[in-house]
file target_39.txt (compact mmCIF, C-alpha atoms)
# COMPACT_ATOMS: atom_id res chain seq x y z
CA MET A 1 147.99 16.21 -150.97
CA GLN A 2 144.50 17.66 -151.06
CA TYR A 3 144.92 19.30 -154.45
CA ARG A 4 145.71 16.15 -156.43
CA SER A 5 142.01 15.43 -156.90
CA LEU A 6 141.78 18.61 -158.95
CA LEU A 7 143.81 17.08 -161.77
CA ALA A 8 140.98 14.88 -163.00
CA PRO A 9 139.02 17.63 -164.84
CA THR A 10 142.14 18.71 -166.75
CA ALA A 11 141.14 17.11 -170.04
CA ILE A 12 137.67 18.65 -169.92
CA LEU A 13 139.01 22.10 -169.14
CA THR A 14 141.67 21.88 -171.81
CA ALA A 15 139.24 20.68 -174.46
CA ALA A 16 136.83 23.47 -173.63
CA ALA A 17 139.58 26.05 -173.85
CA LEU A 18 140.81 24.69 -177.17
CA THR A 19 137.37 25.15 -178.74
CA ALA A 20 136.96 28.67 -177.40
CA THR A 21 137.12 31.56 -179.84
CA ALA A 22 139.23 33.52 -177.36
CA CYS A 23 142.41 31.98 -178.75
CA GLY A 24 143.00 34.88 -181.08
CA SER A 25 142.24 37.50 -178.45
CA ARG A 26 144.74 37.11 -175.69
CA GLY A 27 143.90 40.08 -173.52
CA GLY A 28 146.27 41.48 -170.90
CA ASP A 29 149.60 42.62 -172.33
CA ALA A 30 149.60 40.20 -175.26
CA ALA A 31 148.78 41.35 -178.74
CA GLY A 32 146.59 39.52 -181.26
CA GLY A 33 147.72 36.50 -183.26
CA SER A 34 148.50 38.28 -186.55
CA ASP A 35 152.27 38.37 -185.98
CA LYS A 36 153.54 34.86 -186.63
CA ASN A 37 156.92 35.77 -185.09
CA ALA A 38 155.39 36.97 -181.81
CA VAL A 39 156.12 34.64 -178.91
CA VAL A 40 154.04 34.91 -175.76
CA ILE A 41 155.36 34.16 -172.29
CA GLY A 42 152.52 33.53 -169.89
CA VAL A 43 152.54 34.52 -166.24
CA ASP A 44 150.41 32.90 -163.57
CA ALA A 45 150.52 34.42 -160.09
CA PRO A 46 148.27 35.91 -157.39
CA LEU A 47 147.82 39.38 -158.87
CA THR A 48 144.99 40.33 -156.53
CA GLY A 49 144.22 39.43 -152.95
CA SER A 50 146.42 39.06 -149.90
CA LEU A 51 149.45 37.69 -151.80
CA SER A 52 149.40 40.26 -154.60
CA ALA A 53 152.55 41.96 -153.26
CA ILE A 54 154.45 38.84 -154.34
CA GLY A 55 152.47 38.20 -157.53
CA LEU A 56 152.85 41.68 -158.98
CA GLY A 57 156.60 41.55 -158.43
CA ILE A 58 156.66 38.30 -160.41
CA LYS A 59 154.62 39.78 -163.25
CA ASN A 60 156.65 42.97 -163.47
CA SER A 61 159.95 41.12 -163.53
CA VAL A 62 158.82 38.91 -166.41
CA ASP A 63 157.61 42.00 -168.24
CA LEU A 64 161.03 43.60 -167.76
CA ALA A 65 162.80 40.54 -169.18
CA THR A 66 160.70 40.61 -172.35
CA LYS A 67 161.19 44.34 -172.80
CA ILE A 68 164.96 44.01 -172.55
CA ALA A 69 164.99 41.01 -174.88
CA ASN A 70 163.00 42.97 -177.48
CA LYS A 71 165.09 46.13 -177.08
CA ASN A 72 168.37 44.26 -177.51
CA GLY A 73 167.14 41.93 -180.25
CA GLU A 74 168.01 38.91 -178.13
CA VAL A 75 166.31 36.60 -180.63
CA PRO A 76 166.49 38.22 -184.09
CA GLY A 77 163.11 38.30 -185.81
CA VAL A 78 161.17 37.32 -182.69
CA THR A 79 159.09 39.66 -180.54
CA PHE A 80 158.26 38.62 -176.99
CA LYS A 81 154.98 39.51 -175.34
CA VAL A 82 153.44 38.77 -171.96
CA GLN A 83 150.05 37.42 -170.96
CA ALA A 84 149.55 37.62 -167.21
CA LEU A 85 146.70 35.79 -165.48
CA ASP A 86 145.57 36.01 -161.87
CA ASP A 87 145.21 32.72 -159.97
CA GLN A 88 144.29 34.40 -156.65
CA ALA A 89 146.41 31.66 -154.97
CA GLN A 90 143.63 29.17 -155.78
CA PRO A 91 144.35 25.81 -157.49
CA SER A 92 141.06 25.84 -159.42
CA ALA A 93 141.85 29.27 -160.90
CA GLY A 94 145.38 28.16 -161.70
CA GLN A 95 144.12 25.13 -163.60
CA GLN A 96 141.72 27.28 -165.61
CA ASN A 97 144.53 29.71 -166.38
CA ALA A 98 146.73 26.84 -167.54
CA ALA A 99 144.03 25.67 -169.94
CA LYS A 100 143.62 29.20 -171.29
CA LEU A 101 147.35 29.62 -171.87
CA VAL A 102 147.66 26.21 -173.55
CA ALA A 103 144.81 27.12 -175.90
CA ASP A 104 146.82 30.07 -177.27
CA SER A 105 149.31 28.53 -179.69
CA SER A 106 151.66 31.52 -179.43
CA VAL A 107 152.31 30.75 -175.75
CA VAL A 108 155.52 28.70 -175.60
CA GLY A 109 156.33 29.03 -171.91
CA VAL A 110 154.86 30.16 -168.62
CA VAL A 111 156.46 31.72 -165.54
CA GLY A 112 154.70 30.69 -162.35
CA PRO A 113 152.87 29.93 -160.24
CA TYR A 114 153.80 31.21 -156.79
CA ASN A 115 152.00 28.60 -154.67
CA SER A 116 153.03 24.95 -154.73
CA GLY A 117 149.41 23.85 -154.29
CA VAL A 118 148.44 25.83 -157.38
CA ALA A 119 151.31 24.24 -159.30
CA GLN A 120 149.95 20.77 -158.60
CA SER A 121 146.76 21.68 -160.47
CA MET A 122 148.63 23.10 -163.49
CA GLN A 123 151.53 20.76 -164.20
CA LYS A 124 149.63 18.09 -166.13
CA VAL A 125 147.87 20.67 -168.32
CA PHE A 126 151.17 22.19 -169.44
CA ASP A 127 152.93 18.84 -169.74
CA GLN A 128 150.33 17.39 -172.10
CA ALA A 129 150.73 20.43 -174.38
CA ASN A 130 154.57 20.59 -174.24
CA VAL A 131 154.38 24.06 -172.72
CA THR A 132 157.45 24.88 -170.67
CA GLU A 133 156.63 25.94 -167.11
CA VAL A 134 159.23 27.65 -164.92
CA SER A 135 158.27 28.59 -161.39
CA PRO A 136 160.30 31.28 -159.61
CA ALA A 137 158.88 30.39 -156.21
CA ASN A 138 157.50 26.84 -155.78
CA THR A 139 159.48 24.98 -153.13
CA SER A 140 157.60 21.69 -152.59
CA PRO A 141 159.97 18.81 -153.52
CA ASP A 142 156.99 16.70 -154.69
CA LEU A 143 156.62 18.86 -157.79
CA THR A 144 159.91 17.71 -159.30
CA GLN A 145 160.87 14.56 -157.42
CA GLY A 146 157.51 12.89 -156.80
CA PRO A 147 155.67 12.09 -153.56
CA ASN A 148 158.19 9.44 -152.43
CA TRP A 149 161.31 11.61 -152.61
CA LYS A 150 161.96 11.32 -148.87
CA SER A 151 162.53 7.58 -149.19
CA GLY A 152 164.99 8.15 -152.01
CA ALA A 153 162.55 7.02 -154.71
CA LYS A 154 162.79 10.21 -156.75
CA THR A 155 160.75 10.28 -159.96
CA ARG A 156 160.15 13.36 -162.07
CA PRO A 157 156.36 13.60 -162.56
CA PHE A 158 156.30 16.17 -165.38
CA HIS A 159 159.18 16.91 -167.73
CA SER A 160 157.82 20.32 -168.73
CA TYR A 161 158.19 21.72 -165.20
CA PHE A 162 161.29 23.60 -163.99
CA ARG A 163 162.04 26.06 -161.21
CA THR A 164 164.63 28.70 -160.41
CA SER A 165 164.21 28.53 -156.61
CA THR A 166 165.51 25.73 -154.43
CA THR A 167 163.22 23.38 -152.50
CA ASP A 168 161.96 22.78 -148.99
CA ALA A 169 164.07 19.63 -148.85
CA LEU A 170 166.84 22.13 -148.14
CA GLN A 171 164.94 25.16 -146.80
CA GLY A 172 163.34 23.40 -143.84
CA PRO A 173 166.57 21.77 -142.60
CA PHE A 174 168.54 24.98 -143.20
CA GLY A 175 166.11 26.81 -140.92
CA ALA A 176 166.27 24.03 -138.34
CA ASN A 177 170.06 24.22 -138.22
CA TYR A 178 169.95 27.94 -137.59
CA ALA A 179 167.25 27.70 -134.93
CA PHE A 180 169.05 24.97 -132.98
CA LYS A 181 172.71 25.85 -133.49
CA HIS A 182 172.69 29.64 -133.74
CA ALA A 183 169.47 30.87 -132.12
CA HIS A 184 169.84 28.15 -129.46
CA LYS A 185 166.20 27.15 -129.56
CA LYS A 186 165.48 23.68 -128.18
CA LYS A 187 161.68 23.39 -127.90
CA VAL A 188 159.44 24.13 -130.87
CA PHE A 189 155.70 24.29 -131.39
CA LEU A 190 154.87 23.46 -135.02
CA ILE A 191 151.98 25.08 -136.90
CA ASP A 192 150.95 24.70 -140.55
CA ASP A 193 148.11 25.95 -142.73
CA LYS A 194 147.14 22.46 -143.98
CA LEU A 195 148.20 23.36 -147.53
CA THR A 196 150.86 21.72 -149.72
CA TYR A 197 153.66 24.19 -149.08
CA GLY A 198 153.08 24.66 -145.36
CA VAL A 199 152.70 20.98 -144.50
CA GLY A 200 155.77 20.00 -146.50
CA LEU A 201 157.96 22.74 -145.06
CA VAL A 202 157.05 21.89 -141.47
CA SER A 203 157.79 18.21 -142.16
CA THR A 204 161.32 18.85 -143.42
CA PHE A 205 162.02 21.31 -140.58
CA LYS A 206 160.77 18.82 -137.98
CA THR A 207 162.93 16.00 -139.29
CA GLN A 208 166.14 18.01 -139.06
CA PHE A 209 165.30 19.76 -135.79
CA THR A 210 164.62 16.50 -133.95
CA LYS A 211 167.70 14.94 -135.55
CA LEU A 212 169.78 17.68 -133.94
CA GLY A 213 168.23 16.98 -130.54
CA GLY A 214 165.45 19.53 -130.57
CA GLN A 215 162.09 18.73 -129.02
CA VAL A 216 158.66 19.16 -130.60
CA VAL A 217 156.40 20.14 -127.69
CA GLY A 218 153.22 20.59 -129.68
CA GLN A 219 151.71 20.82 -133.13
CA ASP A 220 148.60 22.49 -134.50
CA HIS A 221 146.95 23.46 -137.78
CA VAL A 222 145.25 26.67 -138.85
CA ALA A 223 143.09 27.53 -141.83
CA GLU A 224 143.75 29.76 -144.81
CA LYS A 225 142.28 33.24 -144.19
CA GLN A 226 141.89 32.53 -140.46
CA LYS A 227 142.08 35.64 -138.26
CA ASP A 228 141.48 34.44 -134.70
CA PHE A 229 144.32 32.29 -133.34
CA SER A 230 143.41 32.40 -129.65
CA ALA A 231 142.99 28.61 -129.34
CA THR A 232 146.38 27.96 -130.95
CA VAL A 233 148.05 30.66 -128.83
CA ALA A 234 146.69 28.98 -125.70
CA ARG A 235 148.18 25.65 -126.79
CA VAL A 236 151.54 27.25 -127.49
CA LYS A 237 151.53 28.98 -124.11
CA ALA A 238 150.79 25.72 -122.30
CA SER A 239 153.45 23.77 -124.22
CA GLY A 240 156.52 25.49 -122.85
CA ALA A 241 157.90 26.10 -126.37
CA ASP A 242 160.71 28.63 -126.80
CA PHE A 243 159.68 29.36 -130.41
CA VAL A 244 157.04 28.60 -133.01
CA TYR A 245 157.79 27.29 -136.48
CA TYR A 246 155.08 28.17 -138.98
CA GLY A 247 154.51 26.63 -142.41
CA GLY A 248 152.37 28.86 -144.58
CA GLN A 249 152.02 32.40 -145.90
CA TYR A 250 152.27 35.84 -144.30
CA PRO A 251 148.54 36.74 -144.34
CA GLU A 252 148.00 34.15 -141.58
CA ALA A 253 151.47 34.14 -140.03
CA ALA A 254 151.44 37.87 -139.26
CA PRO A 255 148.27 38.01 -137.13
CA LEU A 256 149.33 34.72 -135.51
CA SER A 257 152.60 36.35 -134.47
CA ALA A 258 150.85 39.46 -133.20
CA GLN A 259 148.34 37.48 -131.11
CA LEU A 260 151.04 35.15 -129.85
CA LYS A 261 153.22 38.02 -128.58
CA ALA A 262 150.29 39.32 -126.56
CA GLY A 263 150.38 36.14 -124.50
CA VAL A 264 153.74 34.41 -125.03
CA HIS A 265 156.94 36.33 -125.72
CA ILE A 266 158.59 33.87 -128.06
CA PRO A 267 159.60 34.34 -131.71
CA VAL A 268 157.93 32.92 -134.79
CA MET A 269 160.04 31.37 -137.51
CA GLY A 270 158.86 30.46 -141.00
CA GLY A 271 159.93 29.92 -144.57
CA ASP A 272 159.89 32.11 -147.65
CA GLY A 273 156.10 32.32 -147.41
CA ILE A 274 156.41 34.86 -144.61
CA PHE A 275 159.44 36.70 -145.98
CA ASP A 276 157.88 39.93 -147.18
CA PRO A 277 157.66 43.46 -145.71
CA THR A 278 153.89 42.98 -145.54
CA TYR A 279 154.42 40.43 -142.77
CA ILE A 280 156.00 43.07 -140.54
CA LYS A 281 153.35 45.61 -141.46
CA LEU A 282 150.50 43.23 -140.60
CA ALA A 283 152.06 41.90 -137.40
CA GLY A 284 153.32 45.27 -136.21
CA ALA A 285 157.02 46.08 -136.05
CA ALA A 286 157.22 45.79 -132.26
CA ARG A 287 155.61 42.36 -132.12
CA ALA A 288 157.42 41.03 -135.19
CA GLN A 289 160.77 41.99 -133.67
CA GLY A 290 162.94 38.90 -133.42
CA ASP A 291 160.87 36.77 -135.79
CA MET A 292 162.85 34.74 -138.31
CA ALA A 293 162.41 33.52 -141.87
CA THR A 294 164.32 31.55 -144.44
CA SER A 295 164.18 32.48 -148.10
CA VAL A 296 165.72 31.14 -151.27
CA GLY A 297 168.99 32.52 -152.58
CA THR A 298 171.22 35.35 -151.42
CA PRO A 299 169.85 38.91 -151.00
CA LEU A 300 169.74 40.45 -154.48
CA GLU A 301 171.19 43.72 -153.25
CA THR A 302 174.43 41.93 -152.36
CA LEU A 303 174.86 40.17 -155.73
CA PRO A 304 176.97 41.80 -158.47
CA THR A 305 174.88 39.85 -161.00
CA ALA A 306 171.72 41.61 -159.81
CA LYS A 307 172.87 45.23 -160.07
CA LYS A 308 171.66 45.75 -163.63
CA PHE A 309 168.31 44.09 -162.87
CA ILE A 310 167.72 46.38 -159.90
CA THR A 311 168.65 49.47 -161.91
CA ASP A 312 166.53 48.43 -164.89
CA TYR A 313 163.56 47.61 -162.68
CA GLN A 314 163.69 50.98 -160.97
CA SER A 315 164.11 52.77 -164.30
CA ALA A 316 161.10 50.97 -165.77
CA GLY A 317 158.86 52.75 -163.27
CA TYR A 318 156.89 49.82 -161.91
CA LYS A 319 154.65 50.86 -159.05
CA GLU A 320 155.22 47.67 -157.08
CA PRO A 321 158.57 46.35 -155.73
CA TYR A 322 160.11 43.27 -157.31
CA ALA A 323 159.70 41.63 -153.89
CA ALA A 324 161.21 38.31 -152.85
CA TYR A 325 160.97 36.60 -156.24
CA GLY A 326 161.72 39.36 -158.74
CA GLY A 327 165.19 38.11 -159.61
CA TYR A 328 164.01 34.51 -159.86
CA SER A 329 161.10 35.57 -162.07
CA TYR A 330 163.39 37.48 -164.38
CA ASP A 331 165.69 34.46 -164.60
CA ALA A 332 162.71 32.16 -165.28
CA ALA A 333 161.56 34.39 -168.14
CA TRP A 334 165.10 34.73 -169.48
CA ALA A 335 165.46 30.94 -169.45
CA ILE A 336 162.38 30.67 -171.68
CA ILE A 337 163.78 33.40 -173.93
CA GLN A 338 167.09 31.54 -174.22
CA ALA A 339 165.27 28.30 -175.00
CA VAL A 340 163.40 30.08 -177.79
CA LYS A 341 166.73 31.42 -179.02
CA ALA A 342 168.12 27.88 -179.14
CA ALA A 343 165.04 26.59 -180.96
CA VAL A 344 165.37 29.35 -183.58
CA ALA A 345 169.09 28.68 -184.04
CA ALA A 346 168.40 24.98 -184.57
CA ASN A 347 165.80 25.84 -187.21
CA ASN A 348 168.05 27.84 -189.56
CA GLY A 349 167.36 31.12 -187.78
CA LYS A 350 163.58 30.90 -188.05
CA LEU A 351 160.94 30.39 -185.41
CA PRO A 352 159.60 26.84 -185.83
CA GLU A 353 155.97 26.65 -186.94
CA LYS A 354 155.12 24.79 -183.73
CA PRO A 355 157.95 25.72 -181.36
CA ARG A 356 156.74 24.27 -178.06
CA PRO A 357 158.55 20.88 -178.28
CA GLN A 358 161.81 22.51 -179.41
CA VAL A 359 161.67 25.11 -176.65
CA LEU A 360 161.00 22.43 -174.05
CA ALA A 361 163.88 20.29 -175.34
CA ALA A 362 166.26 23.24 -175.08
CA MET A 363 165.40 24.04 -171.44
CA SER A 364 167.25 21.15 -169.84
CA LYS A 365 170.46 22.11 -171.68
CA LEU A 366 170.52 25.76 -170.61
CA SER A 367 173.29 27.28 -168.53
CA PHE A 368 173.83 31.01 -168.20
CA LYS A 369 174.68 33.71 -165.67
CA GLY A 370 171.42 35.16 -164.43
CA VAL A 371 170.31 37.79 -161.98
CA THR A 372 170.42 35.33 -159.07
CA GLY A 373 173.60 33.55 -160.19
CA LYS A 374 174.06 30.53 -162.43
CA VAL A 375 170.82 29.37 -164.04
CA ALA A 376 170.81 25.68 -164.93
CA PHE A 377 168.65 22.67 -164.10
CA ASP A 378 169.31 19.14 -162.93
CA GLU A 379 167.64 15.94 -164.17
CA PHE A 380 164.51 16.74 -162.14
CA GLY A 381 164.14 20.30 -163.40
CA ASP A 382 165.39 21.73 -160.10
CA THR A 383 167.76 24.66 -160.04
CA LEU A 384 171.44 24.05 -159.38
CA ASN A 385 171.48 27.19 -157.22
CA LYS A 386 171.02 25.88 -153.67
CA GLN A 387 171.71 29.12 -151.75
CA LEU A 388 169.45 30.07 -148.84
CA THR A 389 169.36 32.97 -146.37
CA ILE A 390 168.16 33.45 -142.81
CA TYR A 391 166.43 36.78 -142.10
CA LEU A 392 165.62 38.36 -138.75
CA VAL A 393 163.19 41.21 -138.04
CA LYS A 394 165.25 44.08 -136.64
CA GLY A 395 163.98 47.62 -136.23
CA GLY A 396 160.91 47.02 -138.38
CA GLN A 397 162.79 45.45 -141.30
CA TRP A 398 163.98 42.06 -142.46
CA ALA A 399 167.76 41.85 -142.03
CA ALA A 400 169.86 39.08 -143.55
CA VAL A 401 171.90 37.32 -140.86
CA LYS A 402 173.23 34.19 -142.55
CA SER A 403 173.51 32.87 -146.12
CA GLY A 404 174.72 29.49 -147.30
CA THR A 405 173.62 26.01 -148.29
CA PHE A 406 172.30 23.10 -146.25
CA THR A 407 175.05 20.55 -145.73
CA GLY A 408 173.43 18.15 -143.29
call {"tool": "encode", "arguments": {"input": "target_39.txt", "output": "structure tokens"}}
result
Amino acid sequence: MQYRSLLAPTAILTAAALTATACGSRGGDAAGGSDKNAVVIGVDAPLTGSLSAIGLGIKNSVDLATKIANKNGEVPGVTFKVQALDDQAQPSAGQQNAAKLVADSSVVGVVGPYNSGVAQSMQKVFDQANVTEVSPANTSPDLTQGPNWKSGAKTRPFHSYFRTSTTDALQGPFGANYAFKHAHKKKVFLIDDKLTYGVGLVSTFKTQFTKLGGQVVGQDHVAEKQKDFSATVARVKASGADFVYYGGQYPEAAPLSAQLKAGVHIPVMGGDGIFDPTYIKLAGAARAQGDMATSVGTPLETLPTAKKFITDYQSAGYKEPYAAYGGYSYDAAWAIIQAVKAAVAANNGKLPEKPRPQVLAAMSKLSFKGVTGKVAFDEFGDTLNKQLTIYLVKGGQWAAVKSGTFTG
């Protein structure tokens, strides 16, 4: 993957951050370091830029979890605070944020990031400092099972990394099954954005789609922030494809769909990276009509376990919606809170002087009913919740059409 080369400067960045005087001034929503019983949960997400609709939902949901924990005295004697940093969906910014969070000794866990490519630049930084990292949105299998997972040689690269969303090892094939068996699509043109998430998702989709008997009639790559897709549209038109499968995010997928529909009237399908109302807004409701997406989990609005979260989120008055990963972000933050609770209980009811190792050790043993269902992790740090949902654009909105798990 192209981002692995970014891991080399980790030690330099971390050392620089550790010597910085900013450690006692955390900024954002976190208070100063005078309260020895204050525990900070970091957040790393794209808070500005084209993916901010997702990132702000992540931040707000973590904030809500800490507020409820404090209000209810979830961990007696401990106050939870939040420090949210903006990675702008860039690996270099994510790595710098990781170093900054590690340098603050009151940070025991971090929720994020959103992008799998950003995660690759952060994992080693957190792992070396025993800082628990829980992503609500990363779906690349490499992050938990290593680069050779497809061959069955699964190796967990970093034991401090967990996630509450399932992976593309299931999401891609789940989408392929729906496209072939239910949407009756037989010829696909594959497109990815050349980034970690998009390339990996297309690969797992392709494997299952061709296994079922589907035909790949063409494949192309686009660039992040690209706006003109005329060359790709021409290739799709000439290929005879009856749909396009796109691996990447909605800022590129939406204009691609709009330009495609002007020349070829076939639907676009993608993963959770395109599942956001902004996709429909950018593409235009008429042209997005019939497009499909997979996303992790079951729609929150249909889950009894999510009712209180939705009510609490609305009551809190956040300006932005919780978006696709709000429930998973809340569960990620609550997992860190529960790990802190376990560390305190094991230390005679007191917060350990250096709690990071104890919090990390408690994570793998957690099991509780969360917003999105059961929250627990396997030996790789992956969630045990394998639910996925197919969505279809109908009447200018995403509508859930099928939920379940991938069974082969």
call {"tool": "residues_around", "arguments": {"input": "target_39.txt", "residues": "A:Gln358", "least_positions_apart": "2", "cutoff": "9 Å", "atoms": "only C-alpha atoms", "output": "JSON, numbers by chain"}}
result
{"A": [339, 340, 342, 343, 344, 346, 352, 354, 355, 356, 360, 361, 362, 363]}
call {"tool": "closest_residue", "arguments": {"input": "target_39.txt", "among": "A:Val40, A:Phe162, A:Ala231, A:Ile390", "to": "A:Ala183", "atoms": "only C-alpha atoms"}}
result
A:Ile390
call {"tool": "atom_distance", "arguments": {"input": "target_39.txt", "atom1": "atom CA of A:Gly77", "atom2": "atom CA of A:Asn348"}}
result
12.2 Å
call {"tool": "atom_distance", "arguments": {"input": "target_39.txt", "atom1": "atom CA of A:Gly317", "atom2": "atom CA of A:Lys71"}}
result
16.5 Å
call {"tool": "residues_near_point", "arguments": {"input": "target_39.txt", "point": "(165.5, 46.0, -137.4)", "cutoff": "10 Å", "atoms": "all atoms listed in the file", "output": "PDB file with C-alpha atoms, in the coordinates of the input"}}
result
ATOM      1  CA  ALA A 285     157.020  46.080-136.050  1.00  0.00           C
ATOM      2  CA  ALA A 286     157.220  45.790-132.260  1.00  0.00           C
ATOM      3  CA  ALA A 288     157.420  41.030-135.190  1.00  0.00           C
ATOM      4  CA  GLN A 289     160.770  41.990-133.670  1.00  0.00           C
ATOM      5  CA  GLY A 290     162.940  38.900-133.420  1.00  0.00           C
ATOM      6  CA  LEU A 392     165.620  38.360-138.750  1.00  0.00           C
ATOM      7  CA  VAL A 393     163.190  41.210-138.040  1.00  0.00           C
ATOM      8  CA  LYS A 394     165.250  44.080-136.640  1.00  0.00           C
ATOM      9  CA  GLY A 395     163.980  47.620-136.230  1.00  0.00           C
ATOM     10  CA  GLY A 396     160.910  47.020-138.380  1.00  0.00           C
ATOM     11  CA  GLN A 397     162.790  45.450-141.300  1.00  0.00           C
ATOM     12  CA  TRP A 398     163.980  42.060-142.460  1.00  0.00           C
ATOM     13  CA  ALA A 399     167.760  41.850-142.030  1.00  0.00           C
TER      14      ALA A 399
END
call {"tool": "atom_distance", "arguments": {"input": "target_39.txt", "atom1": "atom CA of A:Gly297", "atom2": "atom CA of A:Pro173"}}
result
14.9 Å
call {"tool": "residues_around", "arguments": {"input": "target_39.txt", "residues": "stretch 124-140 of chain A", "least_positions_apart": "5", "cutoff": "7 Å", "atoms": "all atoms listed in the file", "output": "ChimeraX atom specification"}}
result
/A:10,98-99,102,108-116,158-168,197,200,325,328-329,332,356-357,360
call {"tool": "closest_residue", "arguments": {"input": "target_39.txt", "among": "A:His182, A:Arg287, A:Lys307, A:Lys261", "to": "A:Gly373", "atoms": "all atoms listed in the file"}}
result
A:Lys307
call {"tool": "closest_atom_pairs", "arguments": {"input": "target_39.txt", "of": "stretch 124-209 of chain A", "to": "stretch 235-252 of chain A", "cutoff": "8 Å", "atoms": "all atoms listed in the file", "output": "tab-separated table"}}
result
residue	atom	partner	partner_atom	distance
A:Lys185	CA	A:Asp242	CA	6.3
A:Lys186	CA	A:Asp242	CA	7.0
A:Lys187	CA	A:Ala241	CA	4.9
A:Val188	CA	A:Ala241	CA	5.1
A:Phe189	CA	A:Val244	CA	4.8
A:Leu190	CA	A:Tyr245	CA	5.0
A:Ile191	CA	A:Tyr246	CA	4.8
A:Asp192	CA	A:Gly247	CA	4.5
A:Asp193	CA	A:Gly248	CA	5.5
A:Leu195	CA	A:Gly248	CA	7.5
A:Tyr197	CA	A:Gly248	CA	6.6
A:Gly198	CA	A:Gly247	CA	3.8
A:Val199	CA	A:Gly247	CA	6.3
A:Gly200	CA	A:Gly247	CA	7.9
A:Leu201	CA	A:Gly247	CA	5.8
A:Val202	CA	A:Gly247	CA	5.5
call {"tool": "closest_residue", "arguments": {"input": "target_39.txt", "among": "A:Asp104, A:Asp312, A:Asp220, A:Asp272", "to": "A:Val296", "atoms": "all atoms listed in the file"}}
result
A:Asp272
call {"tool": "closest_residue", "arguments": {"input": "target_39.txt", "among": "A:Gly152, A:Gly370, A:Pro141, A:Gly271", "to": "A:Phe174", "atoms": "all atoms listed in the file"}}
result
A:Gly271
call {"tool": "closest_atom_pairs", "arguments": {"input": "target_39.txt", "of": "stretch 59-123 of chain A", "to": "stretch 142-147 of chain A", "cutoff": "10 Å", "atoms": "all atoms listed in the file", "output": "Markdown table"}}
result
| residue | atom | partner | partner_atom | distance |
| --- | --- | --- | --- | --- |
| A:Ser116 | CA | A:Leu143 | CA | 7.7 |
| A:Gly117 | CA | A:Leu143 | CA | 9.4 |
| A:Ala119 | CA | A:Leu143 | CA | 7.7 |
| A:Gln120 | CA | A:Leu143 | CA | 7.0 |
| A:Gln123 | CA | A:Leu143 | CA | 8.4 |
call {"tool": "closest_residue", "arguments": {"input": "target_39.txt", "among": "A:Ala400, A:Ala234, A:Leu260, A:Leu366", "to": "A:Ala293", "atoms": "all atoms listed in the file"}}
result
A:Ala400
call {"tool": "residues_around", "arguments": {"input": "target_39.txt", "residues": "A:Val107", "least_positions_apart": "6", "cutoff": "10 Å", "atoms": "all atoms listed in the file", "output": "PDB file with C-alpha atoms, in the frame of the given file"}}
result
ATOM      1  CA  ARG A  26     144.740  37.110-175.690  1.00  0.00           C
ATOM      2  CA  ALA A  30     149.600  40.200-175.260  1.00  0.00           C
ATOM      3  CA  ALA A  38     155.390  36.970-181.810  1.00  0.00           C
ATOM      4  CA  VAL A  39     156.120  34.640-178.910  1.00  0.00           C
ATOM      5  CA  VAL A  40     154.040  34.910-175.760  1.00  0.00           C
ATOM      6  CA  ILE A  41     155.360  34.160-172.290  1.00  0.00           C
ATOM      7  CA  GLY A  42     152.520  33.530-169.890  1.00  0.00           C
ATOM      8  CA  PHE A  80     158.260  38.620-176.990  1.00  0.00           C
ATOM      9  CA  LYS A  81     154.980  39.510-175.340  1.00  0.00           C
ATOM     10  CA  VAL A  82     153.440  38.770-171.960  1.00  0.00           C
ATOM     11  CA  GLN A  83     150.050  37.420-170.960  1.00  0.00           C
ATOM     12  CA  LYS A 100     143.620  29.200-171.290  1.00  0.00           C
ATOM     13  CA  LEU A 101     147.350  29.620-171.870  1.00  0.00           C
ATOM     14  CA  VAL A 131     154.380  24.060-172.720  1.00  0.00           C
ATOM     15  CA  THR A 132     157.450  24.880-170.670  1.00  0.00           C
ATOM     16  CA  PRO A 355     157.950  25.720-181.360  1.00  0.00           C
ATOM     17  CA  ARG A 356     156.740  24.270-178.060  1.00  0.00           C
TER      18      ARG A 356
END
call {"tool": "closest_residue", "arguments": {"input": "target_39.txt", "among": "A:Tyr313, A:Gly273, A:Asn385, A:Ser295", "to": "A:Ala53", "atoms": "all atoms listed in the file"}}
result
A:Gly273
call {"tool": "build_atoms", "arguments": {"input": "target_39.txt", "residues": "stretch 390-394 of chain A", "atoms": "N, CA, C and O atoms", "output": "CSV table (one decimal), keeping the file's coordinate frame"}}
result
chain,number,residue,atom,x,y,z
A,390,ILE,N,168.9,33.2,-144.0
A,390,ILE,CA,168.2,33.4,-142.8
A,390,ILE,C,168.0,35.0,-142.6
A,390,ILE,O,168.9,35.7,-142.7
A,391,TYR,N,166.7,35.4,-142.4
A,391,TYR,CA,166.4,36.8,-142.1
A,391,TYR,C,165.8,36.9,-140.7
A,391,TYR,O,165.1,36.0,-140.2
A,392,LEU,N,166.1,38.1,-140.1
A,392,LEU,CA,165.6,38.4,-138.8
A,392,LEU,C,165.0,39.8,-138.8
A,392,LEU,O,165.5,40.7,-139.4
A,393,VAL,N,163.8,39.9,-138.1
A,393,VAL,CA,163.2,41.2,-138.0
A,393,VAL,C,163.9,42.0,-137.0
A,393,VAL,O,164.0,41.7,-135.8
A,394,LYS,N,164.5,43.1,-137.5
A,394,LYS,CA,165.2,44.1,-136.6
A,394,LYS,C,164.8,45.5,-137.0
A,394,LYS,O,164.9,45.9,-138.2
